[in-house]
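The file work-v2.tsv contains TSV, N, CA and C atoms:
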```tsv
chain	number	residue	atom	x	y	z
P	1	MET	N	-126.71	-24.22	105.87
P	1	MET	CA	-128.13	-24.15	105.60
P	1	MET	C	-128.73	-25.55	105.77
P	2	THR	N	-129.95	-25.60	106.28
P	2	THR	CA	-130.65	-26.85	106.51
P	2	THR	C	-131.02	-27.50	105.18
P	3	PRO	N	-130.79	-28.82	105.05
P	3	PRO	CA	-131.20	-29.51	103.82
P	3	PRO	C	-132.71	-29.45	103.66
P	4	LEU	N	-133.16	-29.24	102.45
P	4	LEU	CA	-134.58	-29.08	102.18
P	4	LEU	C	-135.14	-30.33	101.51
P	5	PRO	N	-136.36	-30.72	101.91
P	5	PRO	CA	-136.97	-31.90	101.29
P	5	PRO	C	-137.43	-31.59	99.87
P	6	ALA	N	-137.47	-32.60	99.05
P	6	ALA	CA	-137.96	-32.43	97.68
P	6	ALA	C	-139.48	-32.54	97.68
P	7	ASP	N	-140.10	-31.97	96.68
P	7	ASP	CA	-141.53	-32.14	96.44
P	7	ASP	C	-142.44	-31.73	97.60
P	8	LEU	N	-142.28	-30.52	98.08
P	8	LEU	CA	-143.18	-30.01	99.12
P	8	LEU	C	-144.52	-29.66	98.49
P	9	ASP	N	-145.62	-30.06	99.14
P	9	ASP	CA	-146.92	-29.63	98.64
P	9	ASP	C	-147.15	-28.18	99.10
P	10	ASP	N	-148.14	-27.52	98.49
P	10	ASP	CA	-148.36	-26.09	98.76
P	10	ASP	C	-148.67	-25.80	100.22
P	11	LYS	N	-149.49	-26.63	100.87
P	11	LYS	CA	-149.86	-26.32	102.26
P	11	LYS	C	-148.64	-26.43	103.18
P	12	THR	N	-147.77	-27.40	102.94
P	12	THR	CA	-146.55	-27.52	103.74
P	12	THR	C	-145.60	-26.38	103.42
P	13	LEU	N	-145.43	-26.07	102.15
P	13	LEU	CA	-144.59	-24.96	101.74
P	13	LEU	C	-145.03	-23.66	102.39
P	14	HIS	N	-146.32	-23.37	102.35
P	14	HIS	CA	-146.83	-22.13	102.93
P	14	HIS	C	-146.63	-22.11	104.44
P	15	ALA	N	-146.78	-23.25	105.09
P	15	ALA	CA	-146.55	-23.32	106.54
P	15	ALA	C	-145.09	-23.04	106.87
P	16	LEU	N	-144.17	-23.61	106.10
P	16	LEU	CA	-142.74	-23.36	106.32
P	16	LEU	C	-142.42	-21.87	106.11
P	17	ILE	N	-143.00	-21.29	105.08
P	17	ILE	CA	-142.77	-19.87	104.81
P	17	ILE	C	-143.34	-19.02	105.94
P	18	GLU	N	-144.51	-19.40	106.45
P	18	GLU	CA	-145.11	-18.62	107.53
P	18	GLU	C	-144.28	-18.67	108.80
P	19	VAL	N	-143.69	-19.82	109.11
P	19	VAL	CA	-142.82	-19.92	110.28
P	19	VAL	C	-141.62	-18.98	110.12
P	20	MET	N	-141.03	-18.97	108.95
P	20	MET	CA	-139.90	-18.06	108.70
P	20	MET	C	-140.35	-16.60	108.80
P	21	PHE	N	-141.54	-16.31	108.29
P	21	PHE	CA	-142.09	-14.95	108.36
P	21	PHE	C	-142.26	-14.52	109.82
P	22	LEU	N	-142.81	-15.40	110.65
P	22	LEU	CA	-142.99	-15.08	112.06
P	22	LEU	C	-141.64	-14.78	112.72
P	23	ALA	N	-140.64	-15.59	112.40
P	23	ALA	CA	-139.31	-15.36	112.96
P	23	ALA	C	-138.73	-14.03	112.49
P	24	ALA	N	-138.91	-13.74	111.22
P	24	ALA	CA	-138.38	-12.49	110.66
P	24	ALA	C	-139.03	-11.26	111.29
P	25	MET	N	-140.29	-11.39	111.66
P	25	MET	CA	-141.03	-10.25	112.20
P	25	MET	C	-141.04	-10.20	113.73
P	26	ALA	N	-140.32	-11.11	114.38
P	26	ALA	CA	-140.34	-11.20	115.84
P	26	ALA	C	-139.96	-9.90	116.53
P	27	ASP	N	-138.97	-9.21	115.99
P	27	ASP	CA	-138.53	-7.96	116.61
P	27	ASP	C	-139.13	-6.74	115.89
P	28	GLU	N	-140.13	-7.00	115.08
P	28	GLU	CA	-140.85	-5.96	114.33
P	28	GLU	C	-139.94	-5.16	113.40
P	29	GLU	N	-138.80	-5.75	113.07
P	29	GLU	CA	-137.86	-5.11	112.16
P	29	GLU	C	-137.29	-6.18	111.24
P	30	LEU	N	-137.51	-6.00	109.97
P	30	LEU	CA	-137.00	-6.95	108.99
P	30	LEU	C	-135.71	-6.37	108.41
P	31	SER	N	-134.58	-6.86	108.92
P	31	SER	CA	-133.30	-6.35	108.43
P	31	SER	C	-133.08	-6.81	106.99
P	32	ALA	N	-132.18	-6.15	106.32
P	32	ALA	CA	-131.86	-6.53	104.93
P	32	ALA	C	-131.37	-7.98	104.88
P	33	ALA	N	-130.56	-8.37	105.85
P	33	ALA	CA	-130.03	-9.74	105.88
P	33	ALA	C	-131.15	-10.75	106.11
P	34	GLU	N	-132.09	-10.43	107.01
P	34	GLU	CA	-133.22	-11.33	107.27
P	34	GLU	C	-134.10	-11.45	106.03
P	35	ARG	N	-134.35	-10.32	105.38
P	35	ARG	CA	-135.17	-10.36	104.16
P	35	ARG	C	-134.49	-11.20	103.08
P	36	THR	N	-133.19	-11.00	102.91
P	36	THR	CA	-132.46	-11.77	101.90
P	36	THR	C	-132.54	-13.26	102.21
P	37	ARG	N	-132.29	-13.65	103.47
P	37	ARG	CA	-132.36	-15.06	103.85
P	37	ARG	C	-133.76	-15.61	103.63
P	38	PHE	N	-134.77	-14.82	104.03
P	38	PHE	CA	-136.18	-15.24	103.87
P	38	PHE	C	-136.49	-15.49	102.39
P	39	VAL	N	-136.14	-14.55	101.53
P	39	VAL	CA	-136.44	-14.67	100.10
P	39	VAL	C	-135.65	-15.82	99.47
P	40	GLU	N	-134.36	-15.91	99.77
P	40	GLU	CA	-133.55	-16.98	99.19
P	40	GLU	C	-134.06	-18.36	99.62
P	41	THR	N	-134.38	-18.52	100.88
P	41	THR	CA	-134.86	-19.81	101.37
P	41	THR	C	-136.22	-20.13	100.78
P	42	THR	N	-137.08	-19.13	100.67
P	42	THR	CA	-138.40	-19.34	100.08
P	42	THR	C	-138.26	-19.77	98.62
P	43	ARG	N	-137.39	-19.13	97.89
P	43	ARG	CA	-137.17	-19.51	96.48
P	43	ARG	C	-136.66	-20.94	96.38
P	44	SER	N	-135.74	-21.30	97.27
P	44	SER	CA	-135.21	-22.66	97.28
P	44	SER	C	-136.30	-23.68	97.63
P	45	LEU	N	-137.07	-23.38	98.66
P	45	LEU	CA	-138.16	-24.28	99.06
P	45	LEU	C	-139.19	-24.47	97.95
P	46	SER	N	-139.52	-23.37	97.28
P	46	SER	CA	-140.59	-23.42	96.28
P	46	SER	C	-140.10	-23.90	94.92
P	47	GLU	N	-138.79	-24.02	94.78
P	47	GLU	CA	-138.20	-24.44	93.51
P	47	GLU	C	-138.75	-23.63	92.34
P	48	GLY	N	-138.89	-22.32	92.56
P	48	GLY	CA	-139.34	-21.43	91.50
P	48	GLY	C	-140.84	-21.36	91.31
P	49	ARG	N	-141.61	-22.09	92.11
P	49	ARG	CA	-143.08	-22.07	91.95
P	49	ARG	C	-143.70	-20.76	92.37
P	50	LEU	N	-143.00	-20.01	93.24
P	50	LEU	CA	-143.54	-18.73	93.72
P	50	LEU	C	-142.83	-17.57	93.04
P	51	SER	N	-143.57	-16.81	92.27
P	51	SER	CA	-143.00	-15.61	91.67
P	51	SER	C	-142.84	-14.55	92.76
P	52	THR	N	-142.15	-13.49	92.45
P	52	THR	CA	-142.00	-12.39	93.40
P	52	THR	C	-143.36	-11.85	93.78
P	53	GLU	N	-144.26	-11.71	92.80
P	53	GLU	CA	-145.60	-11.19	93.07
P	53	GLU	C	-146.38	-12.15	93.98
P	54	ALA	N	-146.27	-13.44	93.73
P	54	ALA	CA	-146.97	-14.43	94.56
P	54	ALA	C	-146.43	-14.42	95.99
P	55	LEU	N	-145.11	-14.29	96.14
P	55	LEU	CA	-144.53	-14.22	97.48
P	55	LEU	C	-144.98	-12.95	98.19
P	56	ASP	N	-145.03	-11.83	97.48
P	56	ASP	CA	-145.52	-10.58	98.08
P	56	ASP	C	-146.96	-10.74	98.56
P	57	LYS	N	-147.80	-11.36	97.74
P	57	LYS	CA	-149.20	-11.59	98.13
P	57	LYS	C	-149.27	-12.49	99.36
P	58	LEU	N	-148.47	-13.54	99.36
P	58	LEU	CA	-148.47	-14.48	100.47
P	58	LEU	C	-148.03	-13.79	101.76
P	59	THR	N	-146.98	-12.99	101.70
P	59	THR	CA	-146.52	-12.30	102.91
P	59	THR	C	-147.52	-11.25	103.37
P	60	ASP	N	-148.20	-10.60	102.43
P	60	ASP	CA	-149.27	-9.66	102.81
P	60	ASP	C	-150.38	-10.40	103.55
P	61	THR	N	-150.76	-11.56	103.04
P	61	THR	CA	-151.80	-12.37	103.69
P	61	THR	C	-151.35	-12.80	105.08
P	62	MET	N	-150.09	-13.25	105.20
P	62	MET	CA	-149.58	-13.67	106.50
P	62	MET	C	-149.56	-12.51	107.49
P	63	ALA	N	-149.19	-11.33	107.03
P	63	ALA	CA	-149.17	-10.16	107.90
P	63	ALA	C	-150.58	-9.83	108.39
P	64	LYS	N	-151.56	-9.90	107.49
P	64	LYS	CA	-152.96	-9.65	107.88
P	64	LYS	C	-153.46	-10.72	108.84
P	65	ASP	N	-153.12	-11.98	108.57
P	65	ASP	CA	-153.52	-13.07	109.46
P	65	ASP	C	-152.95	-12.86	110.86
P	66	LEU	N	-151.68	-12.48	110.93
P	66	LEU	CA	-151.03	-12.26	112.22
P	66	LEU	C	-151.64	-11.06	112.93
P	67	ALA	N	-151.92	-9.99	112.19
P	67	ALA	CA	-152.52	-8.81	112.80
P	67	ALA	C	-153.91	-9.11	113.36
P	68	GLY	N	-154.61	-10.06	112.75
P	68	GLY	CA	-155.96	-10.40	113.18
P	68	GLY	C	-156.03	-11.51	114.21
P	69	SER	N	-154.88	-12.02	114.63
P	69	SER	CA	-154.90	-13.09	115.64
P	69	SER	C	-153.61	-13.04	116.44
P	70	SER	N	-153.28	-14.13	117.10
P	70	SER	CA	-152.07	-14.19	117.90
P	70	SER	C	-151.07	-15.17	117.28
P	71	VAL	N	-149.84	-15.11	117.75
P	71	VAL	CA	-148.84	-16.06	117.29
P	71	VAL	C	-149.30	-17.48	117.64
P	72	ALA	N	-149.85	-17.65	118.83
P	72	ALA	CA	-150.33	-18.99	119.24
P	72	ALA	C	-151.39	-19.51	118.28
P	73	ALA	N	-152.31	-18.65	117.88
P	73	ALA	CA	-153.35	-19.07	116.93
P	73	ALA	C	-152.75	-19.41	115.57
P	74	ARG	N	-151.79	-18.62	115.13
P	74	ARG	CA	-151.13	-18.91	113.85
P	74	ARG	C	-150.38	-20.25	113.94
P	75	LEU	N	-149.76	-20.50	115.08
P	75	LEU	CA	-149.03	-21.76	115.25
P	75	LEU	C	-149.94	-22.97	115.21
P	76	GLU	N	-151.16	-22.83	115.69
P	76	GLU	CA	-152.11	-23.94	115.60
P	76	GLU	C	-152.36	-24.30	114.14
P	77	THR	N	-152.57	-23.28	113.31
P	77	THR	CA	-152.83	-23.56	111.89
P	77	THR	C	-151.57	-24.08	111.20
P	78	ILE	N	-150.42	-23.57	111.59
P	78	ILE	CA	-149.16	-24.03	111.00
P	78	ILE	C	-148.92	-25.50	111.36
P	79	ARG	N	-149.07	-25.83	112.63
P	79	ARG	CA	-148.84	-27.21	113.08
P	79	ARG	C	-149.73	-28.18	112.31
P	80	ALA	N	-150.97	-27.78	112.07
P	80	ALA	CA	-151.91	-28.64	111.34
P	80	ALA	C	-151.47	-28.87	109.89
P	81	ARG	N	-150.69	-27.92	109.35
P	81	ARG	CA	-150.24	-28.05	107.96
P	81	ARG	C	-148.89	-28.72	107.82
P	82	LEU	N	-148.22	-28.97	108.93
P	82	LEU	CA	-146.93	-29.66	108.89
P	82	LEU	C	-147.16	-31.11	109.29
P	83	PRO	N	-146.90	-32.03	108.38
P	83	PRO	CA	-147.36	-33.41	108.53
P	83	PRO	C	-146.68	-34.25	109.62
P	84	ASP	N	-145.46	-33.90	109.99
P	84	ASP	CA	-144.74	-34.78	110.92
P	84	ASP	C	-143.68	-34.00	111.68
P	85	GLN	N	-143.08	-34.68	112.66
P	85	GLN	CA	-142.08	-34.04	113.51
P	85	GLN	C	-140.85	-33.61	112.71
P	86	LYS	N	-140.48	-34.37	111.71
P	86	LYS	CA	-139.31	-34.02	110.90
P	86	LYS	C	-139.54	-32.68	110.19
P	87	THR	N	-140.72	-32.47	109.65
P	87	THR	CA	-141.03	-31.22	108.95
P	87	THR	C	-141.15	-30.07	109.94
P	88	ARG	N	-141.67	-30.34	111.13
P	88	ARG	CA	-141.76	-29.29	112.16
P	88	ARG	C	-140.37	-28.88	112.63
P	89	THR	N	-139.47	-29.85	112.74
P	89	THR	CA	-138.09	-29.53	113.12
P	89	THR	C	-137.42	-28.72	112.02
P	90	LEU	N	-137.69	-29.07	110.77
P	90	LEU	CA	-137.19	-28.28	109.64
P	90	LEU	C	-137.71	-26.85	109.72
P	91	ALA	N	-139.01	-26.69	109.99
P	91	ALA	CA	-139.60	-25.35	110.10
P	91	ALA	C	-138.90	-24.54	111.17
P	92	PHE	N	-138.66	-25.15	112.32
P	92	PHE	CA	-137.98	-24.44	113.40
P	92	PHE	C	-136.56	-24.07	113.00
P	93	SER	N	-135.85	-24.99	112.36
P	93	SER	CA	-134.48	-24.71	111.91
P	93	SER	C	-134.44	-23.54	110.93
P	94	LEU	N	-135.40	-23.51	110.01
P	94	LEU	CA	-135.47	-22.40	109.05
P	94	LEU	C	-135.74	-21.09	109.77
P	95	ALA	N	-136.62	-21.12	110.77
P	95	ALA	CA	-136.92	-19.92	111.55
P	95	ALA	C	-135.68	-19.40	112.26
P	96	VAL	N	-134.91	-20.30	112.85
P	96	VAL	CA	-133.68	-19.91	113.54
P	96	VAL	C	-132.72	-19.25	112.54
P	97	GLN	N	-132.59	-19.83	111.38
P	97	GLN	CA	-131.67	-19.28	110.38
P	97	GLN	C	-132.10	-17.89	109.92
P	98	VAL	N	-133.39	-17.68	109.77
P	98	VAL	CA	-133.87	-16.34	109.38
P	98	VAL	C	-133.61	-15.35	110.51
P	99	ALA	N	-133.93	-15.73	111.74
P	99	ALA	CA	-133.72	-14.83	112.88
P	99	ALA	C	-132.23	-14.49	113.05
P	100	ASN	N	-131.37	-15.42	112.70
P	100	ASN	CA	-129.93	-15.22	112.86
P	100	ASN	C	-129.26	-14.67	111.60
P	101	ALA	N	-130.01	-14.38	110.58
P	101	ALA	CA	-129.41	-13.94	109.31
P	101	ALA	C	-128.56	-12.69	109.46
P	102	ASP	N	-128.92	-11.83	110.40
P	102	ASP	CA	-128.13	-10.60	110.62
P	102	ASP	C	-127.09	-10.80	111.72
P	103	ALA	N	-126.88	-12.07	112.11
P	103	ALA	CA	-125.89	-12.45	113.12
P	103	ALA	C	-126.22	-11.94	114.52
P	104	ILE	N	-127.47	-11.54	114.72
P	104	ILE	CA	-127.93	-11.08	116.03
P	104	ILE	C	-129.30	-11.71	116.29
P	105	VAL	N	-129.40	-12.50	117.34
P	105	VAL	CA	-130.70	-13.03	117.74
P	105	VAL	C	-131.11	-12.23	118.98
P	106	ARG	N	-131.98	-11.27	118.76
P	106	ARG	CA	-132.42	-10.40	119.84
P	106	ARG	C	-133.30	-11.17	120.82
P	107	THR	N	-133.49	-10.60	121.99
P	107	THR	CA	-134.32	-11.24	123.02
P	107	THR	C	-135.71	-11.54	122.48
P	108	SER	N	-136.30	-10.60	121.77
P	108	SER	CA	-137.66	-10.82	121.23
P	108	SER	C	-137.67	-11.98	120.23
P	109	GLU	N	-136.60	-12.10	119.46
P	109	GLU	CA	-136.50	-13.21	118.50
P	109	GLU	C	-136.33	-14.54	119.23
P	110	ARG	N	-135.48	-14.54	120.25
P	110	ARG	CA	-135.24	-15.77	121.02
P	110	ARG	C	-136.54	-16.21	121.70
P	111	GLU	N	-137.28	-15.26	122.27
P	111	GLU	CA	-138.55	-15.60	122.91
P	111	GLU	C	-139.52	-16.19	121.90
P	112	LEU	N	-139.59	-15.59	120.71
P	112	LEU	CA	-140.49	-16.12	119.69
P	112	LEU	C	-140.03	-17.50	119.24
P	113	LEU	N	-138.74	-17.71	119.11
P	113	LEU	CA	-138.24	-19.02	118.70
P	113	LEU	C	-138.69	-20.10	119.68
P	114	PHE	N	-138.64	-19.81	120.98
P	114	PHE	CA	-139.09	-20.81	121.94
P	114	PHE	C	-140.61	-20.96	121.94
P	115	GLU	N	-141.33	-19.89	121.61
P	115	GLU	CA	-142.78	-20.01	121.42
P	115	GLU	C	-143.08	-20.87	120.19
P	116	LEU	N	-142.31	-20.67	119.13
P	116	LEU	CA	-142.45	-21.50	117.93
P	116	LEU	C	-142.18	-22.97	118.26
P	117	ALA	N	-141.09	-23.21	119.00
P	117	ALA	CA	-140.74	-24.59	119.36
P	117	ALA	C	-141.89	-25.25	120.12
P	118	GLU	N	-142.44	-24.54	121.07
P	118	GLU	CA	-143.56	-25.09	121.84
P	118	GLU	C	-144.77	-25.36	120.94
P	119	GLY	N	-145.08	-24.40	120.08
P	119	GLY	CA	-146.21	-24.54	119.17
P	119	GLY	C	-146.02	-25.66	118.15
P	120	LEU	N	-144.76	-25.95	117.83
P	120	LEU	CA	-144.45	-27.02	116.88
P	120	LEU	C	-144.21	-28.35	117.59
P	121	GLU	N	-144.42	-28.34	118.90
P	121	GLU	CA	-144.28	-29.53	119.74
P	121	GLU	C	-142.86	-30.10	119.75
P	122	LEU	N	-141.88	-29.18	119.79
P	122	LEU	CA	-140.48	-29.56	119.98
P	122	LEU	C	-140.15	-29.36	121.45
P	123	SER	N	-139.32	-30.21	122.00
P	123	SER	CA	-138.93	-30.03	123.40
P	123	SER	C	-138.06	-28.78	123.53
P	124	ARG	N	-138.08	-28.19	124.70
P	124	ARG	CA	-137.26	-27.00	124.95
P	124	ARG	C	-135.78	-27.33	124.75
P	125	ASP	N	-135.37	-28.53	125.19
P	125	ASP	CA	-133.97	-28.93	125.03
P	125	ASP	C	-133.60	-29.06	123.56
P	126	GLU	N	-134.46	-29.69	122.77
P	126	GLU	CA	-134.20	-29.84	121.34
P	126	GLU	C	-134.11	-28.46	120.67
P	127	ALA	N	-135.02	-27.57	121.05
P	127	ALA	CA	-135.02	-26.22	120.49
P	127	ALA	C	-133.74	-25.49	120.87
P	128	ALA	N	-133.35	-25.58	122.13
P	128	ALA	CA	-132.13	-24.91	122.59
P	128	ALA	C	-130.90	-25.44	121.85
P	129	ASP	N	-130.86	-26.76	121.66
P	129	ASP	CA	-129.74	-27.36	120.92
P	129	ASP	C	-129.69	-26.85	119.48
P	130	LEU	N	-130.86	-26.77	118.83
P	130	LEU	CA	-130.89	-26.27	117.45
P	130	LEU	C	-130.50	-24.80	117.38
P	131	VAL	N	-130.97	-23.99	118.32
P	131	VAL	CA	-130.61	-22.57	118.33
P	131	VAL	C	-129.09	-22.45	118.50
P	132	LYS	N	-128.53	-23.19	119.44
P	132	LYS	CA	-127.08	-23.12	119.66
P	132	LYS	C	-126.31	-23.57	118.42
P	133	LYS	N	-126.73	-24.69	117.83
P	133	LYS	CA	-126.04	-25.24	116.66
P	133	LYS	C	-126.09	-24.27	115.48
P	134	LEU	N	-127.25	-23.64	115.27
P	134	LEU	CA	-127.44	-22.82	114.07
P	134	LEU	C	-127.03	-21.36	114.24
P	135	THR	N	-126.66	-20.97	115.46
P	135	THR	CA	-126.28	-19.56	115.67
P	135	THR	C	-124.83	-19.40	116.11
P	136	THR	N	-124.09	-20.51	116.16
P	136	THR	CA	-122.68	-20.37	116.56
P	136	THR	C	-121.76	-20.73	115.41
```
Is it possible to give me this structure as structure tokens?
Amino acid sequence: MTPLPADLDDKTLHALIEVMFLAAMADEELSAAERTRFVETTRSLSEGRLSTEALDKLTDTMAKDLAGSSVAARLETIRARLPDQKTRTLAFSLAVQVANADAIVRTSERELLFELAEGLELSRDEAADLVKKLTT
């Protein structure tokens, strides 16, 4: 699992959670393993600040936001909330881990991961290296 930074502010925390949510929903199927990884990572990131009810509300909001726009539009808002390249790389790593939680990275998930990498301003090579490292 990717090491997590201490003391995340709410806007950064929500952006990291949204990136994981996008990865989890890439194939329009949230497997039990993906949901477990998503919830466990979110709890770890939030250090208990997000109750189950708050996380449910947040994911409902993210689902509505995504339904009302595109992944590219969501990535613009996410990128603005992630302060630096290190945090964007962390976001991408978390997304890869959620997509791979069921030990299968489907084509739709892989395509979304590379869209995420582009939206987070990571090079394709860096993204490919992270996907390989975190899925093997």
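Counting from atom CA of P:Ala15, the distance to atom CA of P:Ser108 is 21.2 Å.
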Taking every listed atom of stretch 42-56 of chain P and adding 3 Å to each side, what centre and edge lengths in Å (one decimal) does the axis-aligned box have, as lines of an AutoDock Vina configuration file?
```
center_x = -141.1
center_y = -17.5
center_z = 96.0
size_x = 17.8
size_y = 19.9
size_z = 15.4
```
Filtered DSSP result for chain P, state alpha helix (DSSP H), as a ChimeraX atom specification: /P:10-24,32-46,52-67,71-81,85-99,107-119,124-135
Within 8 Å of P:Gln97 using all atoms listed in the file, minus same-chain residues under 6 positions, as a list of chain:residue names: P:Met1, P:Thr2, P:Met20, P:Glu34, P:Arg37, P:Phe38, P:Ala91, P:Val131, P:Leu134, P:Thr135
re atom N of P:Leu120 and atom CA of P:Asp60: distance 22.6 Å
If you count only N, CA and C atoms, which residues fall within 7 Å of P:Ile17, apart from same-chain ones fewer than 5 positions away, as a PyMOL selection string? chain P and resi 12+22+42
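Going from atom CA of P:Glu121 over to atom CA of P:Leu82, you cover 11.2 Å.
Take the candidates P:Glu109, P:Thr87, P:Val39, P:Val71 and check each one against P:Ala54 using only C-alpha atoms; the shortest distance goes to P:Val39.
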Find the spatial neighbours of P:Val19, counting all atoms listed in the file, within a cut-off of 8 Å - ignore same-chain residues fewer than 6 positions away - and output them as a PDB file with N, CA and C atoms, in the coordinates of the input.
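Contents of selection39.pdb, as written:
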```pdb
ATOM      1  N   LEU P  13    -145.430 -26.070 102.150  1.00  0.00           N
ATOM      2  CA  LEU P  13    -144.590 -24.960 101.740  1.00  0.00           C
ATOM      3  C   LEU P  13    -145.030 -23.660 102.390  1.00  0.00           C
ATOM      4  N   MET P  25    -140.290 -11.390 111.660  1.00  0.00           N
ATOM      5  CA  MET P  25    -141.030 -10.250 112.200  1.00  0.00           C
ATOM      6  C   MET P  25    -141.040 -10.200 113.730  1.00  0.00           C
ATOM      7  N   ILE P  78    -150.420 -23.570 111.590  1.00  0.00           N
ATOM      8  CA  ILE P  78    -149.160 -24.030 111.000  1.00  0.00           C
ATOM      9  C   ILE P  78    -148.920 -25.500 111.360  1.00  0.00           C
ATOM     10  N   ALA P  91    -139.010 -26.690 109.990  1.00  0.00           N
ATOM     11  CA  ALA P  91    -139.600 -25.350 110.100  1.00  0.00           C
ATOM     12  C   ALA P  91    -138.900 -24.540 111.170  1.00  0.00           C
ATOM     13  N   PHE P  92    -138.660 -25.150 112.320  1.00  0.00           N
ATOM     14  CA  PHE P  92    -137.980 -24.440 113.400  1.00  0.00           C
ATOM     15  C   PHE P  92    -136.560 -24.070 113.000  1.00  0.00           C
ATOM     16  N   LEU P  94    -135.400 -23.510 110.010  1.00  0.00           N
ATOM     17  CA  LEU P  94    -135.470 -22.400 109.050  1.00  0.00           C
ATOM     18  C   LEU P  94    -135.740 -21.090 109.770  1.00  0.00           C
ATOM     19  N   ALA P  95    -136.620 -21.120 110.770  1.00  0.00           N
ATOM     20  CA  ALA P  95    -136.920 -19.920 111.550  1.00  0.00           C
ATOM     21  C   ALA P  95    -135.680 -19.400 112.260  1.00  0.00           C
ATOM     22  N   VAL P  96    -134.910 -20.300 112.850  1.00  0.00           N
ATOM     23  CA  VAL P  96    -133.680 -19.910 113.540  1.00  0.00           C
ATOM     24  C   VAL P  96    -132.720 -19.250 112.540  1.00  0.00           C
ATOM     25  N   LEU P 116    -142.310 -20.670 119.130  1.00  0.00           N
ATOM     26  CA  LEU P 116    -142.450 -21.500 117.930  1.00  0.00           C
ATOM     27  C   LEU P 116    -142.180 -22.970 118.260  1.00  0.00           C
TER      28      LEU P 116
END
```
Exercise: P:Glu126 partners within 12 Å, only C-alpha atoms, chain neighbours under 2 positions left out, as a PyMOL selection string: chain P and resi 85+88-89+92-93+113-114+117-118+120-124+128-133
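Take the candidates P:Glu53, P:Gly119, P:Ala101, P:Glu76 and check each one against P:Ser31 using all atoms listed in the file; the shortest distance goes to P:Ala101.
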Of the listed residues P:Ala72, P:Leu30, P:Leu45, P:Ile104, that which approaches P:Asp9 most closely, counting only C-alpha atoms: P:Leu45
